[in-house]
Structures are given as C-alpha cells and as structure tokens.
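**Student:** Let me give you the structure first, and then I'll get to my questions.
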Amino acid sequence: METVDCDVLVIGAGGAGLRAAIAATGAGAKTAVVSKSLLGKAHTVMAEGGVAASLGNVDPADDWKTHFQDTMFGGKYLNNWRMAELHAKESPDRVVELEHWGAVFDRTHDQRMSQRAFGGHTYKRLVHIGDRTGRELIRTVQDKAVHTGAEVYMEYAITRLLRDGDRVCGAFGYRRATGDVVVWRARSIVMASGGAGRLFRINSNSWEGTGDGHALALDAGATLIDMEFVQFHPTGMVWPPGVIGLLVTEAVRGEGGILRNSEGERFMERYDPKRMELSTRDVVARAIYTEVREGRGTPHGGVFLDVSHLPAKTVKKRLPSMYDQFMELAGVDITRAPMEVGPTCHYIMGGIRVDAETGATQVPGLFSCGESSGGMNGANRLGGNSLSDLLVFGRRAGEGAAAAAQGAAAPAIDQAEVAEAEAELDGYFTNGGHQDPYELQADLQAMLQDNVGIFREESGLVRALGELEAYKDRLERVHVPVGSRAWNPSWNLCRDLKNMLAVAEAITRAALMREESRGAHSRLDFPQFSDYWGRHNIAVSRKPDGAIAVEPVPVVTVHELEPLVEERKAQEAAA
C-alpha cells in the first residue's frame with residue numbers, strides 16, 4: 001500500500017483547491033493535491049462569464065459595499081454576513097493578483113481590465129476574457145500551484161477521511177488507473193472537491209460532481225449548511241439530446257441577449273420588469289420553467305435566447321465559446337438565429353459549514369473552500385461570485401490549514417480503519433448482488449429532477465425520502481460482475497453512489513424543513529417568505545446511528561454591517 005506524507009492535503013484541483021495549495025505552500029507547508037480527474041479539468045472552467053470584483057474600471061461608483069449588498073440581496077439575507085463582507089472587500093486584490101501571475105483579461109480602451117454586466121449586480125463588475133474566464137483562471141492558478149511546489153496526484157479518488165480521535169489525520173483512496181489503494185498522512189486537510197450537480201438528470205456538471213466532499217465531511221463529523229438551495233442556471237442547451245444541460249453562459253444575457261417565448265414575447269417583463277434578463281438566476285430559471293410548463297416553450301422544451309440583433313463581429317469577439325458551441329453541437333449560427341435554452345442544475349449553495357476567517361470546520365484539522373463549502377452565498381449565488389469566492393476563501397483556507405499543520409502532532413493512522421475502507425471497495429465485486437450501478441444512478445437523477453427540482457412541495461419531498469430509503473437498500477446490492485479495479489468506471493460509480501445518496505438526502509430533508517419559498521428554494525405549498533426562516537439557516541449533521549439530522553440555526557450576522565443591509569432592504573421596498 002502506497003503511503004504519502006504531507007503537512008496539508010488538498011482534496012480537489014479546481015480553482016479553490018489550487019488557490020488553497022498556493023497559499024499553503026507559500027506558508028511553508030509541504031502540500032499534496034489530489035484530483036479525481038486530470039489537472040485543469042475542473043468545473044471552474046464552466047464559470048465562463050467572469051470574476052465578480054468591485055474594481056470600478058467601467059463603473060467608477062462601484063465599491064465593496066455595493067458588492068456586499070448585491071450578494072446579500074441575491075442570497076436573500078441568509079448568507080454568512082462575515083463571509084460576504086470578506087468576499088466583497090478582498091475580491092479586487094485577488095483578481096489583481098491573478099493578473100500579476102499571468103492571467104490575461106479583456107481590456108478597456110485605457111488598458112485596464114474590462115468589466116461586464118451580470119444578473120443581480122448593480123454595476124458592470126465581472127472581469128472577463130470573452131466567455132472563457134474560468135478556463136483562464138484555472139490555467140493561471142494551475143501553473144502557479146505547480147511552480148510553488150505543490151505535489152499533484154491526478155486521477156485518484158478519495159473514499160474516506162481518516163481520523164485520530166476527533167481530528168482528521170489523512171485520507172484513504174485509490175488510483176483510478178490501477179485500482180491500487182493509497183493512504184495520505186496529513187496534519188490538516190482542505191476539502192475543495194466541488195459540487196453535486198450530477199445528482200440531477202439535467203445538469204451542467206461533468207462526471208466528477210457527485211458531492212464527494214460534502215458526504216466525506218459529513219461522515220467525518222462536519223456539519224453542512226444551506227443544502228436545500230440548489231441553483232438551476234437559467235440557460236443550458238436543450239438540443240440536441242447528447243448535450244442537454246450544457247451551460248450557456250450568463251454572459252450572453254450580460255452582453256444584451258434577449259429571452260423570448262414561442263409567441264415572440266419578451267416574457268421577463270412579467271417576472272422582473274426592472275432587471276429583465278439580468279434578474280437573479282433563481283428568478284430567471286423559474287420564469288423559463290413556468291413559460292414552458294404553461295405551453296409557451298420552444299419545440300425542444302425551452303425558450304429562445306437571442307443575440308442576433310447584435311453585430312456579428314461583437315458576438316464572435318465577446319462570446320466566442322458560445323458561437324463555437326452552438327455552431328458545432330447544434331448547427332446554429334447565433335449571429336443569425338436564436339438559441340434554445342432551459343434551466344440546468346449548475347451549482348449548490350449549500351456545503352460544509354466553515355469559519356469565515358480560516359475556512360475551518362468544527363472537525364479539528366479539516367478546512368473547506370469553494371463549492372464544497374457553504375455560507376457565502378445564502379439562498380442564491382450571483383453569477384461571477386463563484387470565481388471570486390474560490391480565490392478569496394481558497395487563499396484563507398490554505399493559510400488556515402498551513403497554520404494548523406504547524407502545531408499538529410504527527411498523523412497516527414488507524415490500520416483497522418484503512419482495512420475497513422479497502423474491504424468496502426472489494427465488496428462491490430464480492431457481495432453477490434445484482435444491482436447495476438448505472439441503473440441506480442439514472443433512477444436517482446430522474447427522481448430528484450421530478451421531486452426536488454426547481455419547484456417543490458411536501459408530497460414530492462416525502463415521496464423522494466421514501467425513494468431514497470429504497471435506493472439505500474439497492475446500494476447494498478450494487479455489484480460489478482466483471483473486470484478488475486483498473487480503469488473500471490462501473491466500480492468507480494459504486495462508491496460515488498454512496499456519496500450521492502447521502503447528499504441527496506441532505507438536500508431533501510432540508511428542503512422539507514424549510515416551509516417557505518426563498519432564493520433557489522421554491523415551495524408550491526409555501527409560496528411566501530417566512531419571517532422565521534428569513535433568520536435561520538438549516539444545518540445538516542449525521543447522528544451517531546448514521547441517520548441524517550436537520551435543525552434550524554440562526555444566521556451568522558455582523559452588527560457593524562446592519563446599516564448596509566437595512567439600506568438595501570429599504571431600496572428594494574421602495575422599488
């Protein structure tokens with residue numbers, strides 16, 4: 001059995017994990033980064049529109065206070081206030097830092113970083129390079145992390161966090177190419193494994209997004225927060241069938257794209273006449289879903305998103321990826337014809353509950369950042385905030401983990417726990433069951449799409465919990481009849497399903513408890529805001545008997561920020 005020793009183990013090699021690795025190595029910690037896929041192939045690249053930061057290059061009136069207010073309004077005031085404050089204050093420095101590391105962004109006429117409009121942002125705030133911003137960010141932090149000395153382990157899967165008493169002391173996993181098991185001994189761990197979009201049938205995530213970090217942290221004793229808030233991006237491709245759910249960046253609307261239904265009506269006038277297409281994502285997604293449900297959808301079950309009124313040269317310059325994507329995959333020239341789009345599961349606001357300053361969880365030695373952490377976005381994330389979020393809190397989590405590693409004792413691995421983790425992997429070959437893992441995955445995705453999707457109600461959520469109990473029984477019989485561990489995707493999926501079921505239950509139980517509609521959580525049976533739920537998040541934990549528990553907890557507020565929050569609430573009330 002291969003054993004790797006390090007001070008800080010970073011699980012996940014997206015933007016958050018790599019930024020954490022840069023910070024940890026910069027603090028002098030020996031750092032290892034484990035990637036489930038290839039380095040650079042992270043969901044970060046799907047954040048195409050830009051990085052939100054109040055630089056004021058295009059709109060000089062922009063500042064951190066307005067960015068904070070926009071983030072809080074978008075999150076319906078369920079955000080961790082301190083996280084939203086740190087994010088708004090530090091994003092400009094983190095973006096400038098990226099530029100110093102070699103990131104190339106589009107420029108204004110006076111050669112400053114250009115910024116574009118995005119839904120929910122008061123000012124033009126998103127620094128960008130065409131519609132390929134996430135790709136440029138991941139390229140930059142990847143190069144920086146490698147050159148600062150972080151040791152990268154590509155195509156390894158982590159299946160268990162190892163503990164020494166209450167403290168995490170390492171992780172157990174295996175190499176996907178061979179199936180050989182590996183143990184990482186670490187004084188501290190940063191969980192940066194991304195989201196859980198693959199739980200839903202229509203999603204923009206790649207195969208890695210199975211909620212691994214959420215489930216692993218939950219099993220290790222961490223608490224999750226805001227799991228009921230799953231973001232369905234308003235615009236994903238709906239045709240052809242092989243690319244359903246593939247993201248159509250919000251930059252299309254930021255550059256002037258117009259949404260129309262099958263009757264040619266600019267329908268956002270009915271749902272948000274003030275912001276129109278640049279309303280928050282939850283509002284636009286529900287609007288599109290409603291138009292289709294009421295019979296005003298396009299031939300393939302979406303709506304039309306049109307930029308053909310813009311000069312073709314502008315579209316090709318500002319939206320090159322979207323032009324290529326629709327031309328190559330759908331045979332549509334978006335400079336001449338509209339796109340067909342519909343909602344797609346894109347991001348989860350919920351994640352591991354962390355300390356705003358350091359990214360520390362309540363499990364000693366365990367930190368988290370990026371999409372696997374929760375609190376920053378509240379009930380709904382604004383577009384562009386994900387990239388600045390991972391930069392701000394990736395740095396903080398990496399520094400926090402490095403500081404914790406300096407004072408930690410040498411990791412002591414329990415070999416019995418390692419043997420148990422390996423036996424679990426072997427069991428999928430030897431358990432004698434007959435459950436096809438792909439069949440179970442398809443059933444889970446379809447069930448959640450139908451019952452825990454954009455609109456929810458008690459009957460569907462209760463039905464979902466019943467189905468999840470049945471799926472747990474089926475998981476016990478998941479079996480791989482042939483092959484070995486080496487490059488065996490069926491075997492890999494078996495362990496992913498365990499994580500997916502845990503996260504699915506956390507989402508469903510939290511959604512059932514929140515008896516109101518707020519942000520990305522819409523209850524048909526509770527369509528209004530609730531004063532009580534406007535002051536409470538929902539925390540998810542695992543009981544000693546293994547059951548998942550949910551409970552309300554007060555929103556983490558900051559007294560000094562109350563005037564800014566009240567000012568924004570007054571502005572919205574007056575509007």
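In the structure tokens, chains take the letters A, B, ... in the order shown, each chain's residues start at 1, and ligands count up from 1 in the order shown.
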Write out as a list in words all residues of region 274-314 of chain A that backbone DSSP assigns to strand (DSSP E).
**Tutor:** Val303, Phe304, Leu305 and Asp306 of chain A
**Student:** Would you save the residues of that selection, restricted to all heavy atoms, as a JSON list (two decimals), in the first residue's frame?
**Tutor:**
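File out_2.json, as written:
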[["chain", "number", "residue", "atom", "x", "y", "z"],
["A", 303, "VAL", "N", -36.81, 27.92, -24.15],
["A", 303, "VAL", "CA", -37.20, 29.23, -24.66],
["A", 303, "VAL", "C", -36.09, 29.71, -25.57],
["A", 303, "VAL", "O", -35.03, 29.07, -25.67],
["A", 303, "VAL", "CB", -37.45, 30.25, -23.53],
["A", 303, "VAL", "CG1", -38.62, 29.82, -22.65],
["A", 303, "VAL", "CG2", -36.19, 30.46, -22.69],
["A", 304, "PHE", "N", -36.33, 30.84, -26.24],
["A", 304, "PHE", "CA", -35.33, 31.38, -27.15],
["A", 304, "PHE", "C", -34.48, 32.44, -26.45],
["A", 304, "PHE", "O", -35.00, 33.31, -25.74],
["A", 304, "PHE", "CB", -35.99, 32.01, -28.38],
["A", 304, "PHE", "CG", -36.66, 31.02, -29.28],
["A", 304, "PHE", "CD1", -38.03, 31.09, -29.50],
["A", 304, "PHE", "CD2", -35.93, 30.03, -29.92],
["A", 304, "PHE", "CE1", -38.66, 30.18, -30.34],
["A", 304, "PHE", "CE2", -36.54, 29.11, -30.76],
["A", 304, "PHE", "CZ", -37.91, 29.19, -30.97],
["A", 305, "LEU", "N", -33.17, 32.36, -26.64],
["A", 305, "LEU", "CA", -32.23, 33.37, -26.17],
["A", 305, "LEU", "C", -31.55, 33.94, -27.41],
["A", 305, "LEU", "O", -30.88, 33.20, -28.15],
["A", 305, "LEU", "CB", -31.21, 32.75, -25.22],
["A", 305, "LEU", "CG", -30.07, 33.65, -24.72],
["A", 305, "LEU", "CD1", -30.61, 34.89, -24.02],
["A", 305, "LEU", "CD2", -29.14, 32.88, -23.80],
["A", 306, "ASP", "N", -31.73, 35.24, -27.64],
["A", 306, "ASP", "CA", -31.37, 35.82, -28.94],
["A", 306, "ASP", "C", -30.33, 36.92, -28.81],
["A", 306, "ASP", "O", -30.49, 37.85, -28.02],
["A", 306, "ASP", "CB", -32.64, 36.38, -29.59],
["A", 306, "ASP", "CG", -32.45, 36.71, -31.06],
["A", 306, "ASP", "OD1", -31.39, 36.36, -31.62],
["A", 306, "ASP", "OD2", -33.36, 37.31, -31.65]]
**Student:** Would you pick out the contacts of Asp93 (chain A) at 12 Å or less, using only C-alpha atoms, so that residues sharing its chain but fewer than 2 positions from it are not included, and give the list as a PyMOL selection string?
**Tutor:** chain A and resi 51-55+64+86-91+95-100+388+391-392+395
**Student:** I'd like to know which residues of region 181-324 of chain A are helix (DSSP H, G or I) (by DSSP, run on the backbone); could you write them as number ranges by chain?
**Tutor:** A: 197-199, 212-219, 241-243, 251-254, 268-271, 276-278, 281-293, 312-318, 320-324
**Student:** Which value, in Å to one decimal, gives the distance between CA of Lys316 (chain A) and CA of Asp59 (chain A)?
**Tutor:**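 One can read the CA of Lys316 (chain A) to CA of Asp59 (chain A) distance as 24.3 Å.
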**Student:** Considering only C-alpha atoms, give me a table of residues in region 340-395 of chain A that are at most 9 Å from region 242-254 of chain A, with the closest atom pair and distance in Å for each, as CSV.
**Tutor:**
residue,atom,partner,partner_atom,distance
A:Val341,CA,A:Val248,CA,7.6
A:Gly342,CA,A:Gly245,CA,7.8
A:Pro343,CA,A:Gly245,CA,7.5
A:Thr344,CA,A:Gly245,CA,5.1
A:Cys345,CA,A:Gly245,CA,7.6
A:His346,CA,A:Leu247,CA,8.0
A:Gly383,CA,A:Glu250,CA,7.3
**Student:** Would you kindly return, as number ranges by chain, each protein, DNA or RNA residue with an atom no farther than 8 Å from any atom of Ala215 (chain A), considering only C-alpha atoms and excluding same-chain residues fewer than 6 positions away?
**Tutor:** A: 499-500, 502-503
**Student:** Keeping only N, CA, C and O atoms, write those residues as a PDB file, in the first residue's frame.
**Tutor:**
ATOM      1  N   ASN A 499     -21.926   8.478  -1.893  1.00  0.00           N
ATOM      2  CA  ASN A 499     -21.874   9.917  -1.635  1.00  0.00           C
ATOM      3  C   ASN A 499     -23.124  10.612  -2.168  1.00  0.00           C
ATOM      4  O   ASN A 499     -23.698  11.491  -1.510  1.00  0.00           O
ATOM      5  N   MET A 500     -23.544  10.233  -3.366  1.00  0.00           N
ATOM      6  CA  MET A 500     -24.692  10.883  -3.988  1.00  0.00           C
ATOM      7  C   MET A 500     -25.967  10.694  -3.155  1.00  0.00           C
ATOM      8  O   MET A 500     -26.761  11.633  -2.998  1.00  0.00           O
ATOM      9  N   ALA A 502     -26.173  10.195   0.088  1.00  0.00           N
ATOM     10  CA  ALA A 502     -26.076  10.981   1.322  1.00  0.00           C
ATOM     11  C   ALA A 502     -26.405  12.443   1.063  1.00  0.00           C
ATOM     12  O   ALA A 502     -27.152  13.082   1.820  1.00  0.00           O
ATOM     13  N   VAL A 503     -25.854  12.998  -0.012  1.00  0.00           N
ATOM     14  CA  VAL A 503     -26.100  14.402  -0.333  1.00  0.00           C
ATOM     15  C   VAL A 503     -27.547  14.608  -0.764  1.00  0.00           C
ATOM     16  O   VAL A 503     -28.182  15.612  -0.410  1.00  0.00           O
TER      17      VAL A 503
END
**Student:** Calculated over only C-alpha atoms, which of the candidates A:Thr122, A:Thr71, A:Thr133, A:Thr361 has the smallest distance to Leu387 (chain A)?
**Tutor:**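 Counting only C-alpha atoms, the residue closest to Leu387 (chain A) is A:Thr133.
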**Student:** Which residues are close to Asp70 (chain A), i.e. within 8 Å by only C-alpha atoms, leaving aside same-chain residues fewer than 3 positions away? Reply as a PDB file with N, CA and C atoms, in the first residue's frame.
**Tutor:**
ATOM      1  N   THR A  66     -21.361  48.047  -2.173  1.00  0.00           N
ATOM      2  CA  THR A  66     -22.422  47.694  -3.114  1.00  0.00           C
ATOM      3  C   THR A  66     -22.339  46.223  -3.487  1.00  0.00           C
ATOM      4  N   HIS A  67     -21.125  45.723  -3.660  1.00  0.00           N
ATOM      5  CA  HIS A  67     -20.961  44.305  -3.955  1.00  0.00           C
ATOM      6  C   HIS A  67     -21.488  43.461  -2.803  1.00  0.00           C
ATOM      7  N   PHE A  73     -28.484  40.583  -1.032  1.00  0.00           N
ATOM      8  CA  PHE A  73     -29.817  40.580  -1.634  1.00  0.00           C
ATOM      9  C   PHE A  73     -30.026  39.319  -2.466  1.00  0.00           C
ATOM     10  N   GLY A  74     -29.007  38.946  -3.238  1.00  0.00           N
ATOM     11  CA  GLY A  74     -29.116  37.724  -4.036  1.00  0.00           C
ATOM     12  C   GLY A  74     -29.322  36.502  -3.173  1.00  0.00           C
ATOM     13  N   GLY A 120     -28.129  40.504 -11.235  1.00  0.00           N
ATOM     14  CA  GLY A 120     -28.094  40.760  -9.809  1.00  0.00           C
ATOM     15  C   GLY A 120     -27.020  41.729  -9.369  1.00  0.00           C
ATOM     16  N   HIS A 121     -26.114  42.118 -10.257  1.00  0.00           N
ATOM     17  CA  HIS A 121     -25.051  43.062  -9.911  1.00  0.00           C
ATOM     18  C   HIS A 121     -25.467  44.474 -10.308  1.00  0.00           C
ATOM     19  N   THR A 122     -25.337  45.416  -9.384  1.00  0.00           N
ATOM     20  CA  THR A 122     -25.749  46.796  -9.642  1.00  0.00           C
ATOM     21  C   THR A 122     -24.923  47.423 -10.750  1.00  0.00           C
TER      22      THR A 122
END
**Student:** I'd like the neighbourhood of Pro311 (chain A) as number ranges by chain, where a residue qualifies if any of its atoms comes within 10 Å (using only C-alpha atoms), though same-chain residues fewer than 4 positions away should be ignored.
**Tutor:** A: 307, 315-316, 335-336
**Student:** Just want the 7 Å neighbourhood of region 458-462 of chain A, counted on only C-alpha atoms, with same-chain residues fewer than 6 positions away dropped. Output as a PyMOL selection string.
**Tutor:** chain A and resi 451-452+508+512
